[in-house]
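Shown below: run.txt, with compact mmCIF, C-alpha atoms and all ligand atoms.
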# COMPACT_ATOMS: atom_id res chain seq x y z
CA MET O 27 0.00 0.00 0.00
CA ASP O 28 1.17 3.49 -0.80
CA HIS O 29 1.03 5.34 2.48
CA GLY O 30 1.51 8.78 0.95
CA THR O 31 0.41 11.67 3.09
CA GLY O 32 -2.71 9.91 4.34
CA LYS O 33 -3.17 9.20 8.01
CA ALA O 34 -5.48 6.20 8.29
CA GLY O 35 -3.43 4.44 5.61
CA GLY O 36 -0.06 5.31 7.10
CA LYS O 37 2.37 3.06 8.87
CA GLU O 38 1.58 4.45 12.30
CA TRP O 39 -2.11 4.66 11.65
CA ASP O 40 -3.06 3.18 15.03
CA SER O 41 -1.18 5.69 17.17
CA LEU O 42 -3.05 8.79 16.06
CA GLN O 43 -5.73 10.86 17.69
CA TYR O 44 -8.18 10.93 14.82
CA GLY O 45 -10.09 14.20 14.57
CA PRO O 46 -11.86 16.17 11.82
CA GLU O 47 -8.65 17.72 10.47
CA ARG O 48 -6.99 14.36 9.95
CA LEU O 49 -10.17 13.07 8.37
CA GLU O 50 -10.20 15.98 5.92
CA ALA O 51 -6.56 15.28 5.01
CA ASP O 52 -7.35 11.61 4.46
CA VAL O 53 -10.39 12.31 2.32
CA GLU O 54 -8.36 14.71 0.17
CA TYR O 55 -5.56 12.20 -0.16
CA LEU O 56 -7.92 9.38 -1.15
CA GLN O 57 -9.62 11.60 -3.68
CA ARG O 58 -6.33 12.72 -5.21
CA ARG O 59 -5.07 9.18 -5.51
CA ASN O 60 -8.38 7.73 -6.73
CA PRO O 61 -10.08 10.19 -9.05
CA PHE O 62 -12.92 7.70 -9.59
CA LEU O 63 -14.01 8.05 -5.97
CA GLU O 64 -17.04 10.16 -5.31
CA VAL O 65 -16.93 12.36 -2.21
CA LYS O 66 -20.01 14.21 -1.05
CA THR O 67 -20.73 16.62 1.76
CA ILE O 68 -24.04 15.47 3.18
CA GLY O 69 -24.42 18.36 5.62
CA TYR O 70 -22.66 20.52 8.18
CA SER O 71 -22.21 20.22 11.92
CA VAL O 72 -23.33 22.80 14.49
CA ALA O 73 -19.93 24.51 14.17
CA GLY O 74 -20.07 24.32 10.37
CA ARG O 75 -17.74 21.36 9.81
CA PRO O 76 -18.54 19.31 6.68
CA ILE O 77 -19.94 15.81 7.12
CA ARG O 78 -18.30 13.74 4.40
CA ALA O 79 -19.45 10.66 2.56
CA ILE O 80 -17.22 8.58 0.29
CA ARG O 81 -18.55 6.19 -2.33
CA PHE O 82 -16.95 2.99 -3.57
CA GLY O 83 -18.34 0.75 -6.27
CA SER O 84 -21.34 1.23 -8.51
CA GLY O 85 -23.33 -1.98 -8.17
CA PRO O 86 -27.08 -2.18 -7.61
CA ALA O 87 -26.89 -3.07 -3.88
CA LEU O 88 -26.68 0.05 -1.75
CA LEU O 89 -24.91 -0.05 1.60
CA GLN O 90 -24.11 2.72 4.08
CA ILE O 91 -21.51 2.37 6.82
CA ASN O 92 -21.19 5.27 9.25
CA ALA O 93 -18.97 6.03 12.24
CA SER O 94 -18.52 8.48 15.11
CA VAL O 95 -22.15 9.32 15.70
CA HIS O 96 -20.94 9.35 19.30
CA ALA O 97 -18.06 11.72 20.01
CA ASN O 98 -15.97 9.61 22.36
CA GLU O 99 -16.22 6.65 20.00
CA TRP O 100 -14.00 8.42 17.46
CA ILE O 101 -11.78 5.37 17.08
CA THR O 102 -14.55 4.11 14.76
CA SER O 103 -13.63 6.89 12.27
CA LEU O 104 -10.06 5.65 12.23
CA LEU O 105 -11.27 2.07 11.68
CA LEU O 106 -13.60 3.07 8.86
CA MET O 107 -10.99 5.23 7.13
CA ARG O 108 -8.51 2.37 7.35
CA PHE O 109 -11.17 0.29 5.61
CA ALA O 110 -11.59 3.08 3.05
CA TYR O 111 -7.86 2.97 2.26
CA GLU O 112 -8.02 -0.76 1.74
CA LEU O 113 -11.18 -0.51 -0.37
CA ALA O 114 -9.50 2.17 -2.46
CA GLU O 115 -6.54 -0.11 -3.10
CA ALA O 116 -8.83 -3.03 -3.91
CA ALA O 117 -10.93 -0.90 -6.23
CA LEU O 118 -8.03 0.60 -8.18
CA PRO O 119 -8.35 -0.67 -11.75
CA GLU O 120 -4.69 -1.67 -11.91
CA ALA O 121 -5.09 -3.75 -8.73
CA GLY O 122 -7.62 -5.84 -10.65
CA GLY O 123 -8.56 -8.28 -7.92
CA HIS O 124 -6.80 -7.59 -4.70
CA ALA O 125 -8.36 -10.41 -2.74
CA GLN O 126 -5.07 -12.23 -2.33
CA HIS O 127 -3.89 -9.44 -0.03
CA GLY O 128 -6.30 -10.30 2.73
CA GLN O 129 -10.02 -10.79 2.81
CA MET O 130 -10.81 -7.78 0.65
CA LEU O 131 -13.36 -8.05 -2.10
CA PRO O 132 -12.00 -8.13 -5.64
CA ALA O 133 -12.47 -4.97 -7.65
CA GLU O 134 -15.09 -6.42 -9.96
CA VAL O 135 -17.33 -7.45 -7.05
CA LEU O 136 -17.14 -3.94 -5.67
CA ALA O 137 -17.77 -2.38 -9.04
CA LYS O 138 -20.58 -4.64 -10.23
CA GLN O 139 -22.47 -5.72 -7.12
CA VAL O 140 -22.26 -3.08 -4.41
CA LYS O 141 -22.30 0.64 -4.04
CA VAL O 142 -21.09 1.49 -0.56
CA TRP O 143 -21.16 4.93 1.00
CA LEU O 144 -18.90 5.46 4.00
CA VAL O 145 -19.80 8.32 6.35
CA PRO O 146 -16.68 8.25 8.53
CA MET O 147 -17.45 11.04 11.02
CA VAL O 148 -21.07 12.00 11.61
CA ASN O 149 -20.23 14.09 14.69
CA PRO O 150 -17.01 16.01 13.89
CA ASP O 151 -17.60 18.76 16.50
CA GLY O 152 -18.08 16.20 19.24
CA VAL O 153 -14.92 14.33 18.24
CA GLU O 154 -12.91 17.55 18.29
CA LEU O 155 -14.37 18.38 21.72
CA VAL O 156 -13.28 15.01 23.10
CA LEU O 157 -9.78 15.35 21.62
CA SER O 158 -9.08 19.02 22.35
CA GLY O 159 -11.62 20.24 24.90
CA PRO O 160 -13.97 23.18 24.37
CA ASP O 161 -12.77 26.05 22.21
CA PRO O 162 -12.75 29.30 24.23
CA ALA O 163 -13.62 31.13 21.00
CA SER O 164 -16.81 29.10 20.58
CA PRO O 165 -20.08 30.90 21.35
CA LEU O 166 -21.04 27.71 23.20
CA TYR O 167 -17.93 27.69 25.44
CA ALA O 168 -19.66 28.66 28.70
CA ASP O 169 -22.62 26.39 27.94
CA LEU O 170 -20.33 23.44 27.23
CA LEU O 171 -18.55 23.85 30.58
CA ARG O 172 -21.91 24.02 32.36
CA TRP O 173 -23.44 21.09 30.47
CA HIS O 174 -20.34 19.00 31.04
CA GLY O 175 -21.03 19.42 34.74
CA HIS O 176 -17.59 18.65 36.12
CA GLU O 177 -13.94 19.66 35.90
CA GLY O 178 -11.46 17.96 33.68
CA SER O 179 -11.37 16.38 30.28
CA PHE O 180 -14.30 15.88 27.93
CA HIS O 181 -13.44 12.21 27.39
CA ASP O 182 -16.91 11.20 28.55
CA TRP O 183 -18.66 13.39 25.93
CA LYS O 184 -20.85 11.44 23.47
CA ALA O 185 -23.16 14.21 22.27
CA ASN O 186 -22.82 16.89 19.60
CA LEU O 187 -21.82 20.50 20.31
CA ASN O 188 -25.37 21.32 21.46
CA GLY O 189 -25.18 18.59 24.11
CA VAL O 190 -27.64 16.38 22.20
CA ASP O 191 -27.06 12.64 21.84
CA LEU O 192 -27.30 12.10 18.08
CA ASN O 193 -28.23 8.45 18.47
CA ASP O 194 -31.33 9.45 20.45
CA GLN O 195 -32.48 11.87 17.74
CA PHE O 196 -34.24 9.70 15.18
CA PRO O 197 -38.01 9.53 14.73
CA ALA O 198 -38.56 5.96 15.96
CA HIS O 199 -40.55 6.08 19.19
CA TRP O 200 -38.50 9.15 20.10
CA GLU O 201 -40.97 10.13 22.87
CA ASP O 202 -40.44 6.77 24.57
CA GLU O 203 -36.68 7.36 24.52
CA VAL O 204 -37.20 10.84 26.01
CA ARG O 205 -39.19 9.32 28.88
CA ARG O 206 -36.64 6.55 29.37
CA ARG O 207 -33.67 8.95 29.49
CA GLY O 208 -35.44 11.36 31.83
CA LEU O 209 -33.12 14.29 31.05
CA ASN O 210 -34.48 17.75 30.44
CA GLY O 211 -31.44 19.52 29.09
CA PRO O 212 -28.17 19.24 27.19
CA GLY O 213 -25.29 17.23 28.56
CA PRO O 214 -22.45 14.85 27.69
CA ARG O 215 -24.79 11.97 26.78
CA ASP O 216 -28.34 10.65 26.52
CA TYR O 217 -30.22 13.93 25.98
CA PRO O 218 -32.48 13.30 22.94
CA GLY O 219 -32.92 17.00 22.11
CA SER O 220 -36.02 19.17 21.91
CA ALA O 221 -37.45 17.28 18.91
CA PRO O 222 -36.48 14.41 16.60
CA LEU O 223 -33.86 15.49 14.04
CA SER O 224 -33.45 18.89 15.72
CA GLU O 225 -29.68 18.60 15.22
CA PRO O 226 -28.01 19.24 11.85
CA GLU O 227 -25.86 16.09 12.02
CA ALA O 228 -28.84 13.78 12.62
CA ARG O 229 -30.85 15.61 9.96
CA ALA O 230 -28.00 15.26 7.45
CA LEU O 231 -27.74 11.51 8.07
CA ALA O 232 -31.52 11.02 7.81
CA ASP O 233 -31.80 13.11 4.61
CA PHE O 234 -28.86 11.31 3.02
CA THR O 235 -30.35 7.94 3.94
CA GLU O 236 -33.74 8.89 2.48
CA ALA O 237 -32.17 10.23 -0.70
CA GLU O 238 -29.96 7.20 -1.37
CA ASN O 239 -32.61 4.62 -0.47
CA PHE O 240 -30.10 2.18 1.08
CA ASP O 241 -30.69 -1.57 1.12
CA MET O 242 -28.74 -1.94 4.36
CA VAL O 243 -26.97 0.24 6.91
CA VAL O 244 -24.21 -0.41 9.45
CA ALA O 245 -23.42 2.05 12.25
CA LEU O 246 -20.05 1.68 13.99
CA HIS O 247 -19.96 2.41 17.71
CA THR O 248 -17.84 1.27 20.66
CA GLN O 249 -17.79 -0.79 22.82
CA GLY O 250 -18.77 -4.37 23.78
CA GLU O 251 -18.02 -6.62 20.75
CA GLU O 252 -21.73 -6.87 20.02
CA ILE O 253 -24.02 -6.70 17.00
CA TYR O 254 -27.50 -5.18 17.44
CA TRP O 255 -29.76 -6.21 14.60
CA ASN O 256 -33.43 -5.91 15.62
CA TYR O 257 -35.96 -3.20 16.33
CA ARG O 258 -39.40 -3.90 17.81
CA GLY O 259 -39.92 -6.86 15.45
CA LEU O 260 -39.96 -4.53 12.43
CA GLU O 261 -36.73 -5.91 10.95
CA PRO O 262 -37.01 -8.31 7.98
CA PRO O 263 -36.25 -12.01 8.54
CA VAL O 264 -32.92 -11.63 6.73
CA SER O 265 -31.62 -9.34 9.52
CA GLU O 266 -30.97 -12.15 11.93
CA ARG O 267 -29.26 -14.25 9.26
CA ILE O 268 -26.97 -11.37 8.33
CA ALA O 269 -26.23 -10.73 12.02
CA LEU O 270 -25.08 -14.34 12.29
CA ARG O 271 -22.85 -13.90 9.25
CA LEU O 272 -21.32 -10.74 10.73
CA ALA O 273 -20.84 -12.60 14.01
CA GLY O 274 -19.17 -15.49 12.24
CA ALA O 275 -16.76 -13.13 10.51
CA SER O 276 -15.80 -11.17 13.64
CA GLY O 277 -16.45 -13.32 16.69
CA TYR O 278 -18.76 -10.57 18.00
CA ASN O 279 -22.04 -11.53 19.71
CA PRO O 280 -25.37 -10.93 18.00
CA VAL O 281 -27.69 -9.36 20.61
CA LYS O 282 -31.46 -8.94 20.42
CA LEU O 283 -32.16 -5.60 22.08
CA THR O 284 -35.28 -4.32 23.77
CA GLU O 285 -36.00 -1.07 25.61
CA SER O 286 -34.10 1.15 23.22
CA ASP O 287 -35.51 3.63 20.71
CA ALA O 288 -34.67 6.61 18.51
CA GLY O 289 -31.30 5.30 17.32
CA PHE O 290 -30.25 5.56 13.68
CA LYS O 291 -30.59 1.83 12.97
CA ASP O 292 -33.93 1.76 14.82
CA TRP O 293 -35.27 4.48 12.57
CA PHE O 294 -33.83 2.84 9.44
CA ILE O 295 -35.49 -0.49 10.26
CA GLN O 296 -38.81 1.16 11.11
CA ARG O 297 -38.78 3.48 8.11
CA PHE O 298 -37.67 1.00 5.43
CA ASN O 299 -38.18 -2.49 6.91
CA ARG O 300 -34.67 -3.34 5.75
CA PRO O 301 -31.65 -4.68 7.64
CA GLY O 302 -29.84 -2.17 9.84
CA PHE O 303 -27.08 -2.91 12.33
CA THR O 304 -25.25 -1.24 15.17
CA ILE O 305 -21.79 -2.69 15.74
CA GLU O 306 -20.22 -2.16 19.15
CA ALA O 307 -16.54 -2.50 18.27
CA GLY O 308 -13.84 -3.34 20.78
CA ARG O 309 -14.07 -3.75 24.49
CA GLY O 310 -13.17 -1.43 27.38
CA VAL O 311 -13.92 2.11 28.50
CA ASN O 312 -14.67 4.80 25.91
CA PRO O 313 -12.73 6.36 24.36
CA LEU O 314 -10.95 3.10 23.65
CA PRO O 315 -7.16 3.56 23.53
CA VAL O 316 -6.04 4.22 19.97
CA GLU O 317 -3.21 1.70 20.43
CA GLU O 318 -5.93 -0.98 20.31
CA ALA O 319 -7.12 0.11 16.88
CA GLY O 320 -5.03 -2.54 15.10
CA ALA O 321 -6.40 -5.37 17.20
CA ILE O 322 -9.97 -4.07 16.84
CA TYR O 323 -9.54 -3.64 13.09
CA SER O 324 -8.52 -7.27 12.71
CA ARG O 325 -12.09 -8.19 13.77
CA ILE O 326 -13.90 -5.25 12.14
CA LYS O 327 -12.39 -5.64 8.68
CA PRO O 328 -13.75 -9.16 8.09
CA LEU O 329 -17.08 -8.02 9.55
CA LEU O 330 -17.27 -5.13 7.08
CA VAL O 331 -16.25 -7.32 4.15
CA GLU O 332 -19.02 -9.72 5.17
CA ALA O 333 -21.42 -6.76 5.34
CA LEU O 334 -20.51 -5.88 1.74
CA LYS O 335 -21.16 -9.46 0.64
CA ALA O 336 -24.43 -9.59 2.58
CA ALA O 337 -25.57 -6.32 1.01
CA ALA O 338 -24.66 -7.68 -2.44
CA SER O 339 -26.82 -10.74 -1.78
CA LEU O 340 -29.87 -8.53 -1.14
CA LYS O 341 -30.03 -7.61 -4.84
ZN ZN E 401 -22.26 4.78 20.54
Would you write the structure of this file as structure tokens?
Ligand SMILES: [Zn+2]
Amino acid sequence: MDHGTGKAGGKEWDSLQYGPERLEADVEYLQRRNPFLEVKTIGYSVAGRPIRAIRFGSGPALLQINASVHANEWITSLLLMRFAYELAEAALPEAGGHAQHGQMLPAEVLAKQVKVWLVPMVNPDGVELVLSGPDPASPLYADLLRWHGHEGSFHDWKANLNGVDLNDQFPAHWEDEVRRRGLNGPGPRDYPGSAPLSEPEARALADFTEAENFDMVVALHTQGEEIYWNYRGLEPPVSERIALRLAGASGYNPVKLTESDAGFKDWFIQRFNRPGFTIEAGRGVNPLPVEEAGAIYSRIKPLLVEALKAAASLK
């Protein structure tokens, strides 16, 4: 692999704090090296940062994989961009079938069977907040300190810059989630906001998902080494079978969840009756140490390759 100036593809890729600036550099690098890639900005964060989406392949089966909906789970952006680098190599015409270099799909499978959109950092403001703390120049600086509620680092922050938990923002029994969370204002986690999709990042993801009409979605979170695949019995029968395939590829546990609403995959399943998954990568306390990214990736890569194959089999 040509490491170039990219970060997620570089030799020391698993020793980096991975924030929005590094993501931007990686996206630029990938685009420069692979002019056939399509990169889209699907919306902007509260602080005006672009939310990027990168497309590989042009097959009929449409898959979305997103990461860093939760701020202190930013290691998922690093994992997904590492995957993007490897997909880019596999998809390069001159590579012409890269499968021998690991479990990557050959170029023709990517090109002819699947179109996959990666959304590597849904919550760039939140990630930056976790990595660097609140910006004194931000109009939300005083609010952020108050909402955070204690001294010290923002490592426990999951929400966006408005203190809203983006994975409690989707219109799937949102009111039940509000009651369950029992919070009446912004904070580091679990506040569902004043209304579903009140936050620009959640709105961008929902609009993009509606517009592209995906056959399947995968949301990368940390932690627990688990695969959530159901929602209130609304998922299609194939969901459980795919969950078992993803489990077989990664060693993660498929888990049937109850008592949880308003997440992205919940909304996707309810809205489209198609398979949607939340993957809880790695194990430990968030944010997971970046030094573990290599070990986590060794389980996530085969899971994502299996997700591509499963999506292809839907069409
Ligand atoms: Zn999460």
With only C-alpha atoms as the counted atoms, please give the residues lying no more than 6 Å from Leu144 in chain O, apart from itself and same-chain residues fewer than 4 positions off, as a tab-separated table (two decimals) with C-alpha atoms, in the coordinates of the input.
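File around-v7.tsv, as written:
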chain	number	residue	atom	x	y	z
O	79	ALA	CA	-19.45	10.66	2.56
O	80	ILE	CA	-17.22	8.58	0.29
O	90	GLN	CA	-24.11	2.72	4.08
O	91	ILE	CA	-21.51	2.37	6.82
O	92	ASN	CA	-21.19	5.27	9.25
His176 in chain O surroundings by only C-alpha atoms, 12 Å radius, close-in-sequence under 6 positions cut, as JSON, numbers by chain:
{"O": [170, 182, 183, 213, 214]}
Selection near Pro313 in chain O, 7 Å with all atoms listed in the file, sequence-local residues under 3 positions removed, as a list in words
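Skipping anything fewer than 3 positions along the chain leaves Asn98, Glu99 and His181 of chain O.
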CA of Tyr70 in chain O to CA of Asp241 in chain O measures 24.5 Å
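With all atoms listed in the file as the atoms that count, the minimum distance from Gly277 in chain O to the choices O:Arg48, O:Lys138, O:Arg108, O:Lys327 is reached by O:Lys327.
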Quiz item: Taking only C-alpha atoms and all ligand atoms into account, which residues are within 8 Å of ligand ZN 401 (chain E), as a PyMOL selection string?
Solution: chain O and resi 94-96+99+184+193+246-249+306
CA of Lys335 in chain O sits from CA of Pro86 in chain O at a separation of 12.5 Å
In terms of only C-alpha atoms, the residue from O:Gly211, O:Pro146, O:Pro222, O:Pro263 at minimal distance from Thr67 in chain O is O:Pro146
Would you list the contacts of range 279-289 of chain O as a list in words, taking every protein, DNA or RNA residue within 8 Å and counting all atoms listed in the file, but skipping same-chain residues closer than 3 positions in sequence?
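Contacts, with the query itself left out: Leu192, Asn193, Asp194, Gln195, Phe196, Pro197, Ala198, His199, Trp200, Asp202, Glu203, Glu251, Glu252, Ile253, Tyr254, Trp255, Asn256, Tyr257, Arg258, Ala269, Leu270, Ala273, Asp292 and Trp293 of chain O.
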Restricting it to C-alpha atoms, dump the selection as a PDB file, in the frame of the given file.
ATOM      1  CA  LEU O 192     -27.300  12.100  18.080  1.00  0.00           C
ATOM      2  CA  ASN O 193     -28.230   8.450  18.470  1.00  0.00           C
ATOM      3  CA  ASP O 194     -31.330   9.450  20.450  1.00  0.00           C
ATOM      4  CA  GLN O 195     -32.480  11.870  17.740  1.00  0.00           C
ATOM      5  CA  PHE O 196     -34.240   9.700  15.180  1.00  0.00           C
ATOM      6  CA  PRO O 197     -38.010   9.530  14.730  1.00  0.00           C
ATOM      7  CA  ALA O 198     -38.560   5.960  15.960  1.00  0.00           C
ATOM      8  CA  HIS O 199     -40.550   6.080  19.190  1.00  0.00           C
ATOM      9  CA  TRP O 200     -38.500   9.150  20.100  1.00  0.00           C
ATOM     10  CA  ASP O 202     -40.440   6.770  24.570  1.00  0.00           C
ATOM     11  CA  GLU O 203     -36.680   7.360  24.520  1.00  0.00           C
ATOM     12  CA  GLU O 251     -18.020  -6.620  20.750  1.00  0.00           C
ATOM     13  CA  GLU O 252     -21.730  -6.870  20.020  1.00  0.00           C
ATOM     14  CA  ILE O 253     -24.020  -6.700  17.000  1.00  0.00           C
ATOM     15  CA  TYR O 254     -27.500  -5.180  17.440  1.00  0.00           C
ATOM     16  CA  TRP O 255     -29.760  -6.210  14.600  1.00  0.00           C
ATOM     17  CA  ASN O 256     -33.430  -5.910  15.620  1.00  0.00           C
ATOM     18  CA  TYR O 257     -35.960  -3.200  16.330  1.00  0.00           C
ATOM     19  CA  ARG O 258     -39.400  -3.900  17.810  1.00  0.00           C
ATOM     20  CA  ALA O 269     -26.230 -10.730  12.020  1.00  0.00           C
ATOM     21  CA  LEU O 270     -25.080 -14.340  12.290  1.00  0.00           C
ATOM     22  CA  ALA O 273     -20.840 -12.600  14.010  1.00  0.00           C
ATOM     23  CA  ASP O 292     -33.930   1.760  14.820  1.00  0.00           C
ATOM     24  CA  TRP O 293     -35.270   4.480  12.570  1.00  0.00           C
TER      25      TRP O 293
END
Report task. For CA of Lys66 in chain O and CA of Glu50 in chain O, quote the distance in Å rounded to one decimal. Result ->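 Computing the Euclidean distance for CA of Lys66 in chain O and CA of Glu50 in chain O yields 12.2 Å.
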### Task
Go through O:Pro46, O:Gly308, O:Gly69, O:Gly83 and flag the residue nearest Ala338 in chain O, using only C-alpha atoms for the distances.
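Closest to Ala338 in chain O of all the choices is O:Gly83.
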Return the single residue from O:Ile295, O:Leu223, O:Ala275, O:Leu89 that is closest to Leu260 in chain O, with distances computed using only C-alpha atoms.
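Checking each of O:Ile295, O:Leu223, O:Ala275, O:Leu89 against Leu260 in chain O, counting only C-alpha atoms, the winner is O:Ile295.
For the set O:Glu54, O:Glu201, O:Glu261, O:Glu318, the residue with the smallest atom-to-atom gap to Lys291 in chain O is O:Glu261, counting all atoms listed in the file.
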